[in-house]
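Undergrad: Take a look at this one; I'll ask things after.
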Amino acid sequence: MTERPTALVTGASRGIGAAVARALGPTHHVILGGRDESALAEVAAELPDARPWPVELTEIVEADVAGIERLDVLVHSAGIAELGRIADLAAEVWRRTMEVNVVAVAELTRLLLPALRAARGHVVCVNSGSGQRANPNWAAYAASKFALKAFADALRLEEPELRVTTVYPGRVATDMQHEVRRYEGGPFEPDKYLRAESVARAVLATVTAGPDAHLTELTLRPAAGPVS
């Protein structure tokens with residue numbers, strides 16, 4: 001029996017990350033990265049070959065990835081969004097947003113590069129519509145997502161044997177969207193948003209496009225409702 005390829009998904013305890021893990025589960029050994037160990041264990045129990053990997057991504061060190069010698073897929077799905085006008089955003093918000101959304105991504109990728117190179121693997125960065133366009137009150141988040149795009153573009157050029165894809169979903173019906181809508185003072189309207197499973201299917205499509213195909217960017221928007 002052929003050994004399953006290995007995928008590591010961050011933010012896998014809920015939302016897009018958990019949906020991506022479920023989409024990869026039938027064909028991959030999935031390492032579920034996140035902070036909520038019990039939630040990770042629940043997702044792992046649904047899958048045929050998965051294990052929780054509880055970790056604080058902003059504090060990751062080489063010992064955390066020990067034993068991962070070959071990695072076929074790395075999906076960066078973890079992230080935070082703190083909204084506010086530039087006039088009201090303290091430096092700490094900018095630092096925290098960049099630390100989670102950019103620095104942790106770069107460091108985890110750096111530590112896993114030997115394993116990715118061994119598999120000629122695929123790195124997928126789950127970005128956002130805010131990584132293509134900045135709107136009022138979204139400055140810190142958008143800046144981090146523009147930086148994430150730059151990271152993915154540079155990685156693609158520096159590591160030509162890897163495939164690197166940026167996925168830009170619009171609004172998604174997740175816990176983060178509940179928080180966003182509370183800030184915006186509007187109702188949570190899931191019928192107007194993408195489903196996490198739809199984003200996961202898009203990620204799966206980039207991973208399974210075939211060895212001759214390198215899908216570098218993919219934009220998804222809700223079929224109805226807001227596009228930001």
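Quick note on naming: the chains in the structure tokens go A, B, ... in the order shown, residues restart at 1 in each chain, and ligands are numbered from 1 in order of appearance.
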Can you list, as a ChimeraX atom specification, every protein, DNA or RNA residue that comes within 12 Å of Ser198 of chain A when you count only C-alpha atoms, leaving out same-chain residues fewer than 3 positions away?
TA: /A:15-17,19-20,22-23,167,169-173,193-195,201-205,219-223
Undergrad: Determine which residues of segment 15-65 of chain A DSSP labels as strand (DSSP E) from the backbone of this structure, then write them out as an NGL selection string.
TA: :A and (29-34 or 50-54)
Undergrad: Mind running segment 154-209 of chain A against segment 25-31 of chain A at 12 Å and telling me each contacting residue's nearest atom pair with the distance in Å (one decimal), counting only C-alpha atoms, chain and number ascending, as a tab-separated table?
TA:
```
residue	atom	partner	partner_atom	distance
A:Ala200	CA	A:Gly25	CA	11.4
A:Leu204	CA	A:Gly25	CA	10.5
A:Val207	CA	A:His28	CA	11.2
A:Thr208	CA	A:Thr27	CA	10.5
```
Undergrad: Would you save the residues of that selection, restricted to N, CA and C atoms, as a compact mmCIF listing (two decimals), in the first residue's frame?
TA:
```
# COMPACT_ATOMS: atom_id res chain seq x y z
N ALA A 200 -12.19 25.41 1.06
CA ALA A 200 -11.40 24.18 1.17
C ALA A 200 -11.34 23.44 -0.16
N LEU A 204 -8.06 22.43 -2.26
CA LEU A 204 -7.85 21.07 -2.74
C LEU A 204 -7.59 21.07 -4.25
N VAL A 207 -4.06 21.91 -4.98
CA VAL A 207 -3.13 20.85 -4.58
C VAL A 207 -3.18 19.67 -5.54
N THR A 208 -4.34 19.43 -6.12
CA THR A 208 -4.52 18.26 -6.97
C THR A 208 -4.55 18.60 -8.45
```
Undergrad: Got a sec: who's within 6 Å of segment 97-102 of chain A, counting only C-alpha atoms, leaving out chain neighbours fewer than 6 positions off, as a compact mmCIF listing (two decimals) with N, CA, C and O atoms, in the first residue's frame?
TA:
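result-v2.txt, freshly written:
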```
# COMPACT_ATOMS: atom_id res chain seq x y z
N GLY A 79 -4.92 32.84 11.26
CA GLY A 79 -4.78 34.29 11.13
C GLY A 79 -5.73 35.01 12.06
O GLY A 79 -6.67 34.41 12.61
N SER A 144 -1.13 43.26 6.52
CA SER A 144 -0.55 41.93 6.77
C SER A 144 -0.81 40.99 5.60
O SER A 144 0.03 40.15 5.26
N LEU A 148 1.68 39.08 3.17
CA LEU A 148 1.62 37.63 2.95
C LEU A 148 1.71 37.30 1.46
O LEU A 148 2.36 36.33 1.07
```
Undergrad: Tell me, as JSON, numbers by chain, which residues lie within 12 Å of Ala106 of chain A, counting only C-alpha atoms; anything in the same chain fewer than 6 positions away does not count.
TA: {"A": [57, 58, 60, 74, 76, 98, 99, 100, 112, 113, 123, 125, 147, 148, 149, 150, 151, 152, 154, 155]}
Undergrad: Once you have the residues from the selection above, write them out as a JSON list (two decimals), in the first residue's frame, restricted to N, CA, C and O atoms.
TA:
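File written: result23.json
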```
[["chain", "number", "residue", "atom", "x", "y", "z"],
["A", 57, "LEU", "N", 1.93, 29.29, 17.23],
["A", 57, "LEU", "CA", 2.70, 29.55, 16.02],
["A", 57, "LEU", "C", 3.64, 30.74, 16.16],
["A", 57, "LEU", "O", 4.67, 30.80, 15.49],
["A", 58, "THR", "N", 3.30, 31.70, 17.01],
["A", 58, "THR", "CA", 4.18, 32.86, 17.17],
["A", 58, "THR", "C", 5.40, 32.54, 18.03],
["A", 58, "THR", "O", 6.29, 33.39, 18.16],
["A", 60, "ILE", "N", 7.03, 29.34, 17.66],
["A", 60, "ILE", "CA", 7.50, 28.06, 17.14],
["A", 60, "ILE", "C", 9.02, 28.01, 17.05],
["A", 60, "ILE", "O", 9.68, 29.01, 16.74],
["A", 74, "LEU", "N", 1.73, 22.20, 2.72],
["A", 74, "LEU", "CA", 1.68, 23.07, 3.89],
["A", 74, "LEU", "C", 0.63, 24.15, 3.61],
["A", 74, "LEU", "O", 0.79, 24.93, 2.66],
["A", 76, "HIS", "N", -1.22, 27.38, 5.13],
["A", 76, "HIS", "CA", -1.25, 28.43, 6.15],
["A", 76, "HIS", "C", -2.66, 29.02, 6.19],
["A", 76, "HIS", "O", -3.04, 29.81, 5.32],
["A", 98, "MET", "N", 0.83, 41.50, 12.43],
["A", 98, "MET", "CA", 1.95, 41.07, 11.58],
["A", 98, "MET", "C", 2.60, 39.80, 12.12],
["A", 98, "MET", "O", 3.00, 38.92, 11.36],
["A", 99, "GLU", "N", 2.69, 39.69, 13.43],
["A", 99, "GLU", "CA", 3.33, 38.52, 14.04],
["A", 99, "GLU", "C", 2.57, 37.24, 13.69],
["A", 99, "GLU", "O", 3.19, 36.23, 13.32],
["A", 100, "VAL", "N", 1.25, 37.28, 13.79],
["A", 100, "VAL", "CA", 0.45, 36.09, 13.52],
["A", 100, "VAL", "C", 0.31, 35.83, 12.02],
["A", 100, "VAL", "O", 0.48, 34.70, 11.54],
["A", 112, "LEU", "N", 10.27, 24.35, 7.92],
["A", 112, "LEU", "CA", 9.81, 23.16, 7.19],
["A", 112, "LEU", "C", 10.36, 23.06, 5.78],
["A", 112, "LEU", "O", 10.05, 22.10, 5.07],
["A", 113, "LEU", "N", 11.20, 24.01, 5.37],
["A", 113, "LEU", "CA", 11.73, 23.97, 4.01],
["A", 113, "LEU", "C", 12.46, 22.67, 3.67],
["A", 113, "LEU", "O", 12.28, 22.13, 2.57],
["A", 123, "VAL", "N", 3.06, 24.81, -1.02],
["A", 123, "VAL", "CA", 2.70, 25.73, 0.06],
["A", 123, "VAL", "C", 1.49, 26.54, -0.39],
["A", 123, "VAL", "O", 1.51, 27.15, -1.47],
["A", 125, "CYS", "N", -1.04, 29.59, 0.82],
["A", 125, "CYS", "CA", -1.31, 30.67, 1.76],
["A", 125, "CYS", "C", -2.75, 31.12, 1.58],
["A", 125, "CYS", "O", -3.12, 31.63, 0.51],
["A", 147, "ALA", "N", 1.42, 41.82, 2.75],
["A", 147, "ALA", "CA", 2.74, 41.27, 3.07],
["A", 147, "ALA", "C", 2.77, 39.76, 2.85],
["A", 147, "ALA", "O", 3.78, 39.22, 2.39],
["A", 148, "LEU", "N", 1.68, 39.08, 3.17],
["A", 148, "LEU", "CA", 1.62, 37.63, 2.95],
["A", 148, "LEU", "C", 1.71, 37.30, 1.46],
["A", 148, "LEU", "O", 2.36, 36.33, 1.07],
["A", 149, "LYS", "N", 1.07, 38.12, 0.61],
["A", 149, "LYS", "CA", 1.21, 37.94, -0.83],
["A", 149, "LYS", "C", 2.67, 38.08, -1.26],
["A", 149, "LYS", "O", 3.19, 37.28, -2.06],
["A", 150, "ALA", "N", 3.34, 39.11, -0.74],
["A", 150, "ALA", "CA", 4.75, 39.33, -1.08],
["A", 150, "ALA", "C", 5.61, 38.14, -0.65],
["A", 150, "ALA", "O", 6.52, 37.71, -1.37],
["A", 151, "PHE", "N", 5.31, 37.61, 0.53],
["A", 151, "PHE", "CA", 6.04, 36.44, 1.01],
["A", 151, "PHE", "C", 5.87, 35.27, 0.04],
["A", 151, "PHE", "O", 6.84, 34.61, -0.34],
["A", 152, "ALA", "N", 4.62, 34.99, -0.35],
["A", 152, "ALA", "CA", 4.36, 33.87, -1.25],
["A", 152, "ALA", "C", 5.03, 34.08, -2.60],
["A", 152, "ALA", "O", 5.60, 33.14, -3.17],
["A", 154, "ALA", "N", 7.75, 35.83, -3.27],
["A", 154, "ALA", "CA", 9.20, 35.67, -3.12],
["A", 154, "ALA", "C", 9.56, 34.19, -2.93],
["A", 154, "ALA", "O", 10.54, 33.71, -3.50],
["A", 155, "LEU", "N", 8.77, 33.48, -2.14],
["A", 155, "LEU", "CA", 9.04, 32.06, -1.91],
["A", 155, "LEU", "C", 8.98, 31.29, -3.22],
["A", 155, "LEU", "O", 9.82, 30.42, -3.49]]
```
Undergrad: Quick one: residues within 10 Å of Leu215 of chain A, only C-alpha atoms counted, chain neighbours fewer than 5 positions away excluded, as an MDAnalysis selection string?
TA: chainID A and resid 163:167 205:207 209:210
Undergrad: Residues of the last selection are to be written out with all heavy atoms, as a CSV table (one decimal), in the first residue's frame.
TA:
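Once written, result_2.csv looks like this:
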```csv
chain,number,residue,atom,x,y,z
A,163,ARG,N,5.8,24.3,-5.3
A,163,ARG,CA,4.6,25.1,-5.8
A,163,ARG,C,4.1,25.9,-4.7
A,163,ARG,O,4.0,25.5,-3.5
A,163,ARG,CB,3.5,24.1,-6.3
A,163,ARG,CG,3.9,23.5,-7.7
A,163,ARG,CD,2.7,22.6,-8.2
A,163,ARG,NE,2.4,21.5,-7.4
A,163,ARG,CZ,1.4,20.7,-7.5
A,163,ARG,NH1,0.5,21.0,-8.5
A,163,ARG,NH2,1.2,19.6,-6.8
A,164,VAL,N,3.8,27.2,-5.0
A,164,VAL,CA,3.3,28.1,-4.0
A,164,VAL,C,2.1,28.8,-4.5
A,164,VAL,O,2.1,29.4,-5.6
A,164,VAL,CB,4.4,29.2,-3.7
A,164,VAL,CG1,3.9,30.1,-2.6
A,164,VAL,CG2,5.7,28.5,-3.2
A,165,THR,N,1.0,28.7,-3.8
A,165,THR,CA,-0.3,29.2,-4.2
A,165,THR,C,-0.9,30.2,-3.2
A,165,THR,O,-0.8,29.9,-2.0
A,165,THR,CB,-1.3,28.1,-4.4
A,165,THR,OG1,-0.8,27.2,-5.4
A,165,THR,CG2,-2.7,28.7,-4.9
A,166,THR,N,-1.4,31.3,-3.6
A,166,THR,CA,-2.1,32.2,-2.8
A,166,THR,C,-3.6,32.1,-3.1
A,166,THR,O,-4.0,32.3,-4.3
A,166,THR,CB,-1.6,33.7,-2.9
A,166,THR,OG1,-0.3,33.8,-2.5
A,166,THR,CG2,-2.5,34.6,-2.1
A,167,VAL,N,-4.4,31.9,-2.1
A,167,VAL,CA,-5.9,31.8,-2.3
A,167,VAL,C,-6.5,33.1,-1.7
A,167,VAL,O,-6.2,33.3,-0.5
A,167,VAL,CB,-6.5,30.5,-1.7
A,167,VAL,CG1,-8.0,30.5,-1.9
A,167,VAL,CG2,-5.8,29.3,-2.4
A,205,ALA,N,-8.3,21.9,-5.0
A,205,ALA,CA,-8.1,22.0,-6.4
A,205,ALA,C,-6.7,22.4,-6.8
A,205,ALA,O,-6.1,21.9,-7.7
A,205,ALA,CB,-9.1,22.9,-7.0
A,206,THR,N,-6.2,23.4,-6.0
A,206,THR,CA,-4.8,23.8,-6.3
A,206,THR,C,-3.8,22.7,-6.0
A,206,THR,O,-2.8,22.6,-6.7
A,206,THR,CB,-4.4,25.1,-5.5
A,206,THR,OG1,-4.2,24.7,-4.1
A,206,THR,CG2,-5.5,26.1,-5.6
A,207,VAL,N,-4.1,21.9,-5.0
A,207,VAL,CA,-3.1,20.8,-4.6
A,207,VAL,C,-3.2,19.7,-5.5
A,207,VAL,O,-2.2,19.0,-5.8
A,207,VAL,CB,-3.5,20.4,-3.1
A,207,VAL,CG1,-2.7,19.2,-2.8
A,207,VAL,CG2,-3.2,21.5,-2.2
A,209,ALA,N,-4.1,19.8,-8.8
A,209,ALA,CA,-4.1,20.2,-10.2
A,209,ALA,C,-3.3,19.4,-11.1
A,209,ALA,O,-3.5,19.4,-12.3
A,209,ALA,CB,-3.7,21.7,-10.3
A,210,GLY,N,-2.3,18.6,-10.6
A,210,GLY,CA,-1.5,17.8,-11.4
A,210,GLY,C,0.0,18.3,-11.4
A,210,GLY,O,0.2,19.4,-11.2
```
Undergrad: Point out the residue among A:Val103, A:Ala7, A:Leu40, A:Arg51 with the least atom-to-atom distance to Gly121 of chain A, counting only C-alpha atoms.
TA: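 Closest to Gly121 of chain A, using only C-alpha atoms: A:Ala7.
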Undergrad: Separation of atom CA of Pro136 of chain A and atom CA of Arg96 of chain A, in Å?
TA: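 Result for atom CA of Pro136 of chain A versus atom CA of Arg96 of chain A: 19.2 Å, one decimal.
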Undergrad: What are the DSSP helix (DSSP H, G or I) residues of segment 53-211 of chain A, as a ChimeraX atom specification?
TA: /A:57-59,62-65,86-88,91-119,129-131,139-158,175-184,190-192,196-207
Undergrad: So how far away is atom CA of Phe146 of chain A from atom CA of Gly129 of chain A, in Å?
TA: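 Value for the atom CA of Gly129 of chain A-atom CA of Phe146 of chain A distance: 9.8 Å.
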Undergrad: Have a look at atom CA of Pro52 of chain A and atom CA of Pro190 of chain A and let me know their distance in Å, one decimal.
TA: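 If I compute the distance from atom CA of Pro52 of chain A to atom CA of Pro190 of chain A, I get 28.5 Å.
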Undergrad: For each of A:Ala104, A:Leu162, A:Leu24, A:Val55, take the minimum atom-to-atom distance to Glu37 of chain A, counting only C-alpha atoms, then give the residue where this is smallest.
TA: A:Val55
